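*Asks:* Enclosed is the structure file my_file.pdb (PDB, C-alpha atoms, pLDDT in the B column).
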MODEL        1
ATOM      1  CA  MET A 205    -112.025-170.151-165.896  1.00 31.00           C
ATOM      2  CA  ARG A 206    -115.254-171.805-166.968  1.00 35.00           C
ATOM      3  CA  GLU A 207    -117.556-169.703-169.107  1.00 34.00           C
ATOM      4  CA  LYS A 208    -121.131-169.490-167.869  1.00 31.00           C
ATOM      5  CA  GLN A 209    -124.091-167.711-169.394  1.00 33.00           C
ATOM      6  CA  ILE A 210    -125.427-165.100-167.005  1.00 28.00           C
ATOM      7  CA  THR A 211    -129.222-164.857-167.210  1.00 31.00           C
ATOM      8  CA  ALA A 212    -129.884-162.893-164.041  1.00 31.00           C
ATOM      9  CA  TRP A 213    -127.839-161.031-161.472  1.00 29.00           C
ATOM     10  CA  PRO A 214    -128.927-159.952-157.984  1.00 32.00           C
ATOM     11  CA  VAL A 215    -128.765-156.188-157.522  1.00 33.00           C
ATOM     12  CA  ASN A 216    -129.573-154.945-154.010  1.00 34.00           C
ATOM     13  CA  GLY A 217    -131.370-158.215-153.337  1.00 35.00           C
ATOM     14  CA  ARG A 218    -133.432-158.130-156.569  1.00 37.00           C
ATOM     15  CA  ARG A 219    -133.029-160.061-159.795  1.00 39.00           C
ATOM     16  CA  HIS A 220    -131.888-157.949-162.727  1.00 43.00           C
ATOM     17  CA  ASN A 221    -133.085-158.978-166.202  1.00 47.00           C
ATOM     18  CA  GLY A 222    -132.531-156.798-169.231  1.00 48.00           C
ATOM     19  CA  SER A 223    -132.163-156.632-172.981  1.00 53.00           C
ATOM     20  CA  ALA A 224    -129.472-158.449-174.922  1.00 57.00           C
ATOM     21  CA  THR A 225    -127.459-155.221-175.051  1.00 58.00           C
ATOM     22  CA  GLN A 226    -127.755-154.757-171.311  1.00 53.00           C
ATOM     23  CA  GLN A 227    -126.843-158.406-170.762  1.00 56.00           C
ATOM     24  CA  ALA A 228    -123.751-158.082-172.939  1.00 59.00           C
ATOM     25  CA  GLY A 229    -122.719-154.990-171.002  1.00 57.00           C
ATOM     26  CA  LEU A 230    -123.222-156.872-167.752  1.00 51.00           C
ATOM     27  CA  GLU A 231    -121.046-159.741-168.931  1.00 62.00           C
ATOM     28  CA  ASP A 232    -118.312-157.274-169.920  1.00 65.00           C
ATOM     29  CA  TRP A 233    -118.538-155.744-166.467  1.00 56.00           C
ATOM     30  CA  LEU A 234    -118.336-159.188-164.844  1.00 57.00           C
ATOM     31  CA  SER A 235    -115.253-160.053-166.895  1.00 65.00           C
ATOM     32  CA  PHE A 236    -113.618-156.866-165.651  1.00 60.00           C
ATOM     33  CA  PHE A 237    -114.675-157.635-162.076  1.00 57.00           C
ATOM     34  CA  ARG A 238    -113.555-161.300-162.090  1.00 59.00           C
ATOM     35  CA  PRO A 239    -109.942-160.763-160.844  1.00 60.00           C
ATOM     36  CA  PHE A 240    -111.248-159.059-157.696  1.00 60.00           C
ATOM     37  CA  LEU A 241    -112.838-162.307-156.448  1.00 62.00           C
ATOM     38  CA  SER A 242    -111.319-165.643-155.500  1.00 65.00           C
ATOM     39  CA  LEU A 243    -112.042-168.552-157.858  1.00 67.00           C
ATOM     40  CA  THR A 244    -114.302-170.163-155.263  1.00 72.00           C
ATOM     41  CA  THR A 245    -116.308-166.995-154.666  1.00 63.00           C
ATOM     42  CA  TRP A 246    -116.618-166.336-158.392  1.00 60.00           C
ATOM     43  CA  ASP A 247    -118.112-169.799-158.995  1.00 69.00           C
ATOM     44  CA  GLU A 248    -120.477-169.380-156.050  1.00 63.00           C
ATOM     45  CA  VAL A 249    -121.654-165.967-157.209  1.00 62.00           C
ATOM     46  CA  ASN A 250    -122.256-167.249-160.717  1.00 64.00           C
ATOM     47  CA  GLU A 251    -124.264-170.215-159.427  1.00 64.00           C
ATOM     48  CA  VAL A 252    -126.397-168.071-157.135  1.00 58.00           C
ATOM     49  CA  ALA A 253    -126.956-165.527-159.901  1.00 57.00           C
ATOM     50  CA  GLN A 254    -128.127-168.167-162.369  1.00 61.00           C
ATOM     51  CA  ASN A 255    -130.575-169.505-159.796  1.00 58.00           C
ATOM     52  CA  GLY A 256    -131.972-166.052-159.093  1.00 57.00           C
ATOM     53  CA  GLY A 257    -130.643-165.894-155.534  1.00 55.00           C
ATOM     54  CA  CYS A 258    -129.140-162.980-153.660  1.00 56.00           C
ATOM     55  CA  ALA A 259    -127.059-164.531-150.858  1.00 63.00           C
ATOM     56  CA  LEU A 260    -124.162-166.977-150.557  1.00 67.00           C
ATOM     57  CA  PRO A 261    -124.658-169.737-147.979  1.00 69.00           C
ATOM     58  CA  THR A 262    -122.310-170.519-145.108  1.00 78.00           C
ATOM     59  CA  GLU A 263    -120.407-173.717-145.851  1.00 83.00           C
ATOM     60  CA  MET A 264    -118.605-175.946-143.355  1.00 91.00           C
ATOM     61  CA  THR A 265    -115.694-178.078-144.497  1.00 92.00           C
ATOM     62  CA  GLU A 266    -112.259-179.368-143.529  1.00 96.00           C
ATOM     63  CA  ALA A 267    -109.454-177.521-145.251  1.00 96.00           C
ATOM     64  CA  SER A 268    -105.758-176.792-145.080  1.00 98.00           C
ATOM     65  CA  ILE A 269    -105.063-173.091-144.645  1.00 98.00           C
ATOM     66  CA  LEU A 270    -101.781-171.685-145.966  1.00 98.00           C
ATOM     67  CA  GLN A 271    -100.675-168.245-144.875  1.00 98.00           C
ATOM     68  CA  LEU A 272     -97.726-166.530-146.536  1.00 98.00           C
ATOM     69  CA  ASP A 273     -96.036-163.288-145.543  1.00 97.00           C
ATOM     70  CA  ILE A 274     -92.896-161.360-146.436  1.00 96.00           C
ATOM     71  CA  ALA A 275     -90.530-160.867-143.506  1.00 94.00           C
ATOM     72  CA  ASN A 276     -89.542-157.287-142.640  1.00 89.00           C
ATOM     73  CA  PHE A 277     -91.757-155.810-145.339  1.00 91.00           C
ATOM     74  CA  THR A 278     -92.183-152.557-143.404  1.00 88.00           C
ATOM     75  CA  GLU A 279     -88.428-151.960-143.542  1.00 87.00           C
ATOM     76  CA  LEU A 280     -88.466-152.600-147.297  1.00 83.00           C
ATOM     77  CA  THR A 281     -91.185-150.012-147.863  1.00 84.00           C
ATOM     78  CA  ASP A 282     -89.326-147.492-145.714  1.00 86.00           C
ATOM     79  CA  SER A 283     -86.041-147.886-147.580  1.00 83.00           C
ATOM     80  CA  HIS A 284     -87.188-148.102-151.225  1.00 87.00           C
ATOM     81  CA  PRO A 285     -89.356-145.967-153.534  1.00 89.00           C
ATOM     82  CA  LEU A 286     -93.009-146.970-153.273  1.00 89.00           C
ATOM     83  CA  GLU A 287     -93.271-147.383-157.056  1.00 91.00           C
ATOM     84  CA  GLN A 288     -90.488-149.979-156.997  1.00 89.00           C
ATOM     85  CA  VAL A 289     -92.019-151.805-154.042  1.00 91.00           C
ATOM     86  CA  LEU A 290     -95.407-152.047-155.767  1.00 92.00           C
ATOM     87  CA  ALA A 291     -93.963-153.167-159.106  1.00 91.00           C
ATOM     88  CA  ASP A 292     -91.832-155.897-157.558  1.00 92.00           C
ATOM     89  CA  LEU A 293     -94.571-156.996-155.160  1.00 93.00           C
ATOM     90  CA  CYS A 294     -97.100-157.379-157.987  1.00 92.00           C
ATOM     91  CA  ALA A 295     -94.647-159.473-160.019  1.00 92.00           C
ATOM     92  CA  PHE A 296     -93.915-161.558-156.922  1.00 94.00           C
ATOM     93  CA  LEU A 297     -97.572-162.238-156.071  1.00 94.00           C
ATOM     94  CA  GLU A 298     -98.446-162.973-159.710  1.00 94.00           C
ATOM     95  CA  ARG A 299     -95.896-165.774-159.804  1.00 94.00           C
ATOM     96  CA  LEU A 300     -96.927-167.233-156.453  1.00 96.00           C
ATOM     97  CA  THR A 301    -100.665-167.130-157.167  1.00 95.00           C
ATOM     98  CA  GLN A 302    -100.198-169.360-160.210  1.00 94.00           C
ATOM     99  CA  ILE A 303     -98.395-171.926-158.053  1.00 96.00           C
ATOM    100  CA  VAL A 304    -101.333-172.047-155.639  1.00 96.00           C
ATOM    101  CA  TYR A 305    -103.721-172.707-158.538  1.00 93.00           C
ATOM    102  CA  LEU A 306    -101.446-175.385-160.018  1.00 95.00           C
ATOM    103  CA  HIS A 307    -101.625-177.272-156.720  1.00 96.00           C
ATOM    104  CA  GLY A 308    -105.406-177.191-156.491  1.00 93.00           C
ATOM    105  CA  GLY A 309    -105.681-174.298-154.047  1.00 94.00           C
ATOM    106  CA  ASP A 310    -107.469-170.971-154.108  1.00 91.00           C
ATOM    107  CA  VAL A 311    -106.199-167.594-152.939  1.00 93.00           C
ATOM    108  CA  ASN A 312    -108.986-166.468-150.625  1.00 92.00           C
ATOM    109  CA  LYS A 313    -107.524-163.033-149.930  1.00 92.00           C
ATOM    110  CA  PHE A 314    -104.397-160.944-150.271  1.00 93.00           C
ATOM    111  CA  LEU A 315    -103.054-159.551-147.020  1.00 90.00           C
ATOM    112  CA  GLY A 316    -100.918-156.650-148.150  1.00 85.00           C
ATOM    113  CA  ASP A 317     -97.554-158.345-148.620  1.00 91.00           C
ATOM    114  CA  GLY A 318     -98.915-161.887-148.413  1.00 94.00           C
ATOM    115  CA  PHE A 319    -102.008-164.011-148.818  1.00 96.00           C
ATOM    116  CA  LEU A 320    -104.270-166.682-147.365  1.00 97.00           C
ATOM    117  CA  ALA A 321    -104.852-169.744-149.550  1.00 96.00           C
ATOM    118  CA  VAL A 322    -107.270-172.641-149.046  1.00 95.00           C
ATOM    119  CA  PHE A 323    -106.682-176.285-149.997  1.00 96.00           C
ATOM    120  CA  LEU A 324    -108.986-179.278-149.593  1.00 94.00           C
ATOM    121  CA  SER A 325    -105.984-181.622-149.293  1.00 95.00           C
ATOM    122  CA  ALA A 326    -103.144-181.388-146.801  1.00 97.00           C
ATOM    123  CA  ASP A 327    -100.807-182.972-149.356  1.00 96.00           C
ATOM    124  CA  ASP A 328    -101.658-180.272-151.898  1.00 96.00           C
ATOM    125  CA  ALA A 329    -101.087-177.546-149.321  1.00 97.00           C
ATOM    126  CA  VAL A 330     -97.682-178.862-148.210  1.00 97.00           C
ATOM    127  CA  GLN A 331     -96.530-179.486-151.783  1.00 96.00           C
ATOM    128  CA  ALA A 332     -97.666-175.985-152.691  1.00 97.00           C
ATOM    129  CA  GLY A 333     -95.758-174.569-149.709  1.00 98.00           C
ATOM    130  CA  ALA A 334     -92.555-176.261-150.857  1.00 97.00           C
ATOM    131  CA  ALA A 335     -93.093-175.124-154.470  1.00 97.00           C
ATOM    132  CA  LEU A 336     -93.773-171.585-153.294  1.00 98.00           C
ATOM    133  CA  GLN A 337     -90.516-171.393-151.363  1.00 97.00           C
ATOM    134  CA  GLU A 338     -88.610-172.751-154.359  1.00 97.00           C
ATOM    135  CA  ALA A 339     -90.216-170.124-156.600  1.00 97.00           C
ATOM    136  CA  ILE A 340     -89.480-167.421-154.040  1.00 96.00           C
ATOM    137  CA  ASP A 341     -85.827-168.454-153.917  1.00 95.00           C
ATOM    138  CA  ASP A 342     -85.647-168.282-157.732  1.00 93.00           C
ATOM    139  CA  PHE A 343     -87.368-164.880-157.710  1.00 93.00           C
ATOM    140  CA  ASN A 344     -84.982-163.525-155.098  1.00 92.00           C
ATOM    141  CA  GLN A 345     -81.928-164.839-156.969  1.00 90.00           C
ATOM    142  CA  GLU A 346     -83.165-163.141-160.150  1.00 85.00           C
ATOM    143  CA  ASN A 347     -83.741-159.881-158.307  1.00 72.00           C
ATOM    144  CA  ARG A 348     -80.449-159.505-156.464  1.00 69.00           C
ATOM    145  CA  ARG A 349     -79.289-157.072-159.130  1.00 69.00           C
ATOM    146  CA  GLY A 350     -81.379-153.968-158.755  1.00 69.00           C
ATOM    147  CA  ARG A 351     -84.754-155.336-157.611  1.00 77.00           C
ATOM    148  CA  LEU A 352     -86.170-156.166-154.217  1.00 87.00           C
ATOM    149  CA  VAL A 353     -85.626-159.473-152.452  1.00 90.00           C
ATOM    150  CA  PHE A 354     -88.547-160.891-150.468  1.00 94.00           C
ATOM    151  CA  PRO A 355     -87.627-163.339-147.657  1.00 94.00           C
ATOM    152  CA  THR A 356     -90.905-165.131-146.994  1.00 97.00           C
ATOM    153  CA  ARG A 357     -92.459-167.275-144.257  1.00 98.00           C
ATOM    154  CA  ILE A 358     -95.257-169.853-144.696  1.00 98.00           C
ATOM    155  CA  GLY A 359     -97.508-171.547-142.124  1.00 98.00           C
ATOM    156  CA  ILE A 360    -100.075-174.315-142.710  1.00 98.00           C
ATOM    157  CA  ASP A 361    -102.766-175.757-140.436  1.00 98.00           C
ATOM    158  CA  THR A 362    -105.639-178.136-141.170  1.00 98.00           C
ATOM    159  CA  GLY A 363    -109.078-178.547-139.621  1.00 97.00           C
ATOM    160  CA  PRO A 364    -112.728-177.487-139.766  1.00 97.00           C
ATOM    161  CA  VAL A 365    -113.422-174.042-141.218  1.00 96.00           C
ATOM    162  CA  ALA A 366    -116.472-172.060-142.276  1.00 93.00           C
ATOM    163  CA  LEU A 367    -116.704-170.297-145.618  1.00 88.00           C
ATOM    164  CA  VAL A 368    -118.849-167.273-144.826  1.00 85.00           C
ATOM    165  CA  SER A 369    -119.913-163.852-146.076  1.00 80.00           C
ATOM    166  CA  LEU A 370    -119.008-161.090-143.628  1.00 80.00           C
ATOM    167  CA  GLY A 371    -119.953-157.439-143.678  1.00 77.00           C
ATOM    168  CA  SER A 372    -123.087-155.445-144.435  1.00 79.00           C
ATOM    169  CA  HIS A 373    -125.625-155.358-147.262  1.00 76.00           C
ATOM    170  CA  GLU A 374    -123.544-152.657-148.939  1.00 75.00           C
ATOM    171  CA  ARG A 375    -120.135-154.357-148.615  1.00 75.00           C
ATOM    172  CA  GLN A 376    -119.350-158.013-147.986  1.00 75.00           C
ATOM    173  CA  GLU A 377    -116.317-160.225-148.098  1.00 77.00           C
ATOM    174  CA  ARG A 378    -116.271-163.976-148.686  1.00 81.00           C
ATOM    175  CA  THR A 379    -113.746-165.457-146.300  1.00 85.00           C
ATOM    176  CA  VAL A 380    -112.826-168.457-144.152  1.00 91.00           C
ATOM    177  CA  ILE A 381    -113.065-168.537-140.383  1.00 93.00           C
ATOM    178  CA  GLY A 382    -111.838-171.142-137.937  1.00 95.00           C
ATOM    179  CA  MET A 383    -108.940-172.140-135.719  1.00 95.00           C
ATOM    180  CA  PRO A 384    -106.806-173.319-138.678  1.00 96.00           C
ATOM    181  CA  VAL A 385    -106.807-169.739-139.971  1.00 96.00           C
ATOM    182  CA  ASN A 386    -105.494-168.471-136.643  1.00 95.00           C
ATOM    183  CA  LEU A 387    -102.906-171.222-136.165  1.00 96.00           C
ATOM    184  CA  ALA A 388    -101.611-170.947-139.741  1.00 97.00           C
ATOM    185  CA  GLU A 389    -101.019-167.252-139.124  1.00 96.00           C
ATOM    186  CA  ARG A 390     -99.135-167.916-135.884  1.00 95.00           C
ATOM    187  CA  LEU A 391     -97.008-170.599-137.548  1.00 96.00           C
ATOM    188  CA  GLN A 392     -96.184-168.211-140.376  1.00 96.00           C
ATOM    189  CA  GLN A 393     -95.275-165.417-137.986  1.00 95.00           C
ATOM    190  CA  GLN A 394     -92.637-167.514-136.219  1.00 95.00           C
ATOM    191  CA  ALA A 395     -91.324-169.621-139.097  1.00 96.00           C
ATOM    192  CA  PRO A 396     -87.820-168.704-140.295  1.00 96.00           C
ATOM    193  CA  PRO A 397     -87.789-166.929-143.676  1.00 96.00           C
ATOM    194  CA  GLY A 398     -87.498-169.479-146.471  1.00 96.00           C
ATOM    195  CA  ARG A 399     -89.251-172.207-144.485  1.00 96.00           C
ATOM    196  CA  VAL A 400     -92.680-173.814-144.312  1.00 98.00           C
ATOM    197  CA  TRP A 401     -94.036-174.651-140.867  1.00 97.00           C
ATOM    198  CA  LEU A 402     -96.951-177.044-140.573  1.00 97.00           C
ATOM    199  CA  SER A 403     -99.026-178.174-137.652  1.00 96.00           C
ATOM    200  CA  GLN A 404     -99.396-181.671-136.225  1.00 96.00           C
ATOM    201  CA  ALA A 405    -102.928-181.820-137.683  1.00 96.00           C
ATOM    202  CA  THR A 406    -101.563-181.123-141.160  1.00 97.00           C
ATOM    203  CA  PHE A 407     -98.734-183.625-140.774  1.00 96.00           C
ATOM    204  CA  ASP A 408    -101.146-186.345-139.579  1.00 95.00           C
ATOM    205  CA  ARG A 409    -103.322-185.949-142.687  1.00 95.00           C
ATOM    206  CA  LEU A 410    -100.502-186.329-145.200  1.00 96.00           C
ATOM    207  CA  GLN A 411    -101.007-189.340-147.452  1.00 90.00           C
ATOM    208  CA  GLN A 412     -97.690-188.957-149.255  1.00 85.00           C
ATOM    209  CA  ARG A 413     -94.201-189.022-147.807  1.00 82.00           C
ATOM    210  CA  CYS A 414     -92.954-185.599-146.849  1.00 85.00           C
ATOM    211  CA  ALA A 415     -89.393-184.434-146.293  1.00 86.00           C
ATOM    212  CA  CYS A 416     -90.431-182.843-143.022  1.00 92.00           C
ATOM    213  CA  ARG A 417     -88.649-182.691-139.707  1.00 93.00           C
ATOM    214  CA  CYS A 418     -90.131-182.084-136.297  1.00 95.00           C
ATOM    215  CA  VAL A 419     -88.752-178.912-134.771  1.00 93.00           C
ATOM    216  CA  GLY A 420     -90.322-179.783-131.435  1.00 85.00           C
ATOM    217  CA  PRO A 421     -93.070-178.274-129.317  1.00 93.00           C
ATOM    218  CA  ILE A 422     -92.955-174.510-129.760  1.00 91.00           C
ATOM    219  CA  ARG A 423     -94.855-171.906-127.794  1.00 88.00           C
ATOM    220  CA  LEU A 424     -96.547-169.789-130.425  1.00 88.00           C
ATOM    221  CA  ARG A 425     -97.680-166.274-129.674  1.00 84.00           C
ATOM    222  CA  GLY A 426    -101.233-166.346-128.351  1.00 78.00           C
ATOM    223  CA  ALA A 427    -101.300-170.124-127.803  1.00 77.00           C
ATOM    224  CA  ARG A 428    -101.947-171.467-124.307  1.00 82.00           C
ATOM    225  CA  GLU A 429     -99.838-174.598-124.748  1.00 86.00           C
ATOM    226  CA  PRO A 430     -96.739-175.454-126.809  1.00 91.00           C
ATOM    227  CA  VAL A 431     -97.586-176.682-130.325  1.00 92.00           C
ATOM    228  CA  VAL A 432     -95.796-179.503-132.151  1.00 95.00           C
ATOM    229  CA  VAL A 433     -94.406-178.020-135.357  1.00 96.00           C
ATOM    230  CA  TYR A 434     -92.939-179.654-138.462  1.00 97.00           C
ATOM    231  CA  GLU A 435     -90.707-177.899-140.962  1.00 96.00           C
ATOM    232  CA  ARG A 436     -90.661-178.457-144.720  1.00 91.00           C
TER     233      ARG A 436
ENDMDL
END
Reformat the file's structure so that it appears as structure tokens.
*Replies:*
Amino acid sequence: MREKQITAWPVNGRRHNGSATQQAGLEDWLSFFRPFLSLTTWDEVNEVAQNGGCALPTEMTEASILQLDIANFTELTDSHPLEQVLADLCAFLERLTQIVYLHGGDVNKFLGDGFLAVFLSADDAVQAGAALQEAIDDFNQENRRGRLVFPTRIGIDTGPVALVSLGSHERQERTVIGMPVNLAERLQQQAPPGRVWLSQATFDRLQQRCACRCVGPIRLRGAREPVVVYER
């Protein structure tokens, strides 16, 4: 994480300037708050704060969206103590988050037992998907003696998305919106556990050779027409 000197911070739409002691306290508070924001949002907030602003702009870009989810997680929570589920899930997500960062992605949000990650390169997204499944397999092999096993599905789609702030003045969330978000979710929902499903748009943008196979046109839930799907 890059260190930046905070000179002003928007509070309720107003710039907040204070003494050195107040500023130090604010920086301590920001350090505590940092893990609750994605890397992208954190950088944006810091930039806006330094410039004395109070709003994050909507940004349009092309991105690869990766959605990951644990299969049958509800059954796991019903059949194991909640404390065990939370401990194992946190260890699981900690390991996977680092893989996303190593491949140039950013975890935009956690979705209970999974997450949505954003990549600016289809190659990075697909390589991350493969690395994630390898790490998940290792995690599950380690945990077969006494800890939970998490069979996991991954879906990836690529296309235009908007990075936006949604909510009210009192509570906002920085998130991505667009068809790739929806299609990545549908691919993930129908992918077999242990597999990565990617869309035709993602496959077409790959610059590096990929050990992918076409699993044929598949009718995804909510889609009007069958979608060509590749498996990694």
*Asks:* Between A:Glu266, A:Asp310, A:Asp328, A:Glu279, single out the one closest to A:Thr362, counting only C-alpha atoms.
*Replies:*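 Answer, going by the shortest atom-to-atom distance: A:Glu266.
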*Asks:* Using all atoms listed in the file, which protein or nucleic acid residues come within 10 Å of A:Ala339? Drop anything in the same chain fewer than 6 positions from it, and give the result as a VMD selection string.
*Replies:* chain A and resid 296 299 to 300 303 333 345
*Asks:* Between atom CA of A:Arg409 and atom CA of A:Asp327, what is the distance, to one decimal in Å?
*Replies:*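 Answer for the atom CA of A:Arg409 to atom CA of A:Asp327 separation: 7.7 Å.
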*Asks:* Choose the residue, out of A:Leu286, A:Ala321, A:Cys414, A:Ile422, that has the smallest atom-to-atom separation from A:Ile358; count all atoms listed in the file.
*Replies:*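 With all atoms listed in the file as the atom set, the closest residue is A:Ala321.
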*Asks:* To one decimal in Å, tell me the separation between atom CA of A:Cys418 and atom CA of A:Arg399.
*Replies:* 12.9 Å
*Asks:* Which neighbours of A:Ser268 fall inside 10 Å, counting only C-alpha atoms, when residues of the same chain fewer than 5 positions from it are skipped, and could you give them as number ranges by chain?
*Replies:* A: 309, 321-330, 360-365, 384-385, 388, 402, 405-406, 409
*Asks:* Take the residues that were just selected and, keeping C-alpha atoms, output them as a PDB file, keeping the file's coordinate frame.
*Replies:*
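File again-v9.pdb, as written:
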ATOM      1  CA  GLY A 309    -105.681-174.298-154.047  1.00 94.00           C
ATOM      2  CA  ALA A 321    -104.852-169.744-149.550  1.00 96.00           C
ATOM      3  CA  VAL A 322    -107.270-172.641-149.046  1.00 95.00           C
ATOM      4  CA  PHE A 323    -106.682-176.285-149.997  1.00 96.00           C
ATOM      5  CA  LEU A 324    -108.986-179.278-149.593  1.00 94.00           C
ATOM      6  CA  SER A 325    -105.984-181.622-149.293  1.00 95.00           C
ATOM      7  CA  ALA A 326    -103.144-181.388-146.801  1.00 97.00           C
ATOM      8  CA  ASP A 327    -100.807-182.972-149.356  1.00 96.00           C
ATOM      9  CA  ASP A 328    -101.658-180.272-151.898  1.00 96.00           C
ATOM     10  CA  ALA A 329    -101.087-177.546-149.321  1.00 97.00           C
ATOM     11  CA  VAL A 330     -97.682-178.862-148.210  1.00 97.00           C
ATOM     12  CA  ILE A 360    -100.075-174.315-142.710  1.00 98.00           C
ATOM     13  CA  ASP A 361    -102.766-175.757-140.436  1.00 98.00           C
ATOM     14  CA  THR A 362    -105.639-178.136-141.170  1.00 98.00           C
ATOM     15  CA  GLY A 363    -109.078-178.547-139.621  1.00 97.00           C
ATOM     16  CA  PRO A 364    -112.728-177.487-139.766  1.00 97.00           C
ATOM     17  CA  VAL A 365    -113.422-174.042-141.218  1.00 96.00           C
ATOM     18  CA  PRO A 384    -106.806-173.319-138.678  1.00 96.00           C
ATOM     19  CA  VAL A 385    -106.807-169.739-139.971  1.00 96.00           C
ATOM     20  CA  ALA A 388    -101.611-170.947-139.741  1.00 97.00           C
ATOM     21  CA  LEU A 402     -96.951-177.044-140.573  1.00 97.00           C
ATOM     22  CA  ALA A 405    -102.928-181.820-137.683  1.00 96.00           C
ATOM     23  CA  THR A 406    -101.563-181.123-141.160  1.00 97.00           C
ATOM     24  CA  ARG A 409    -103.322-185.949-142.687  1.00 95.00           C
TER      25      ARG A 409
END
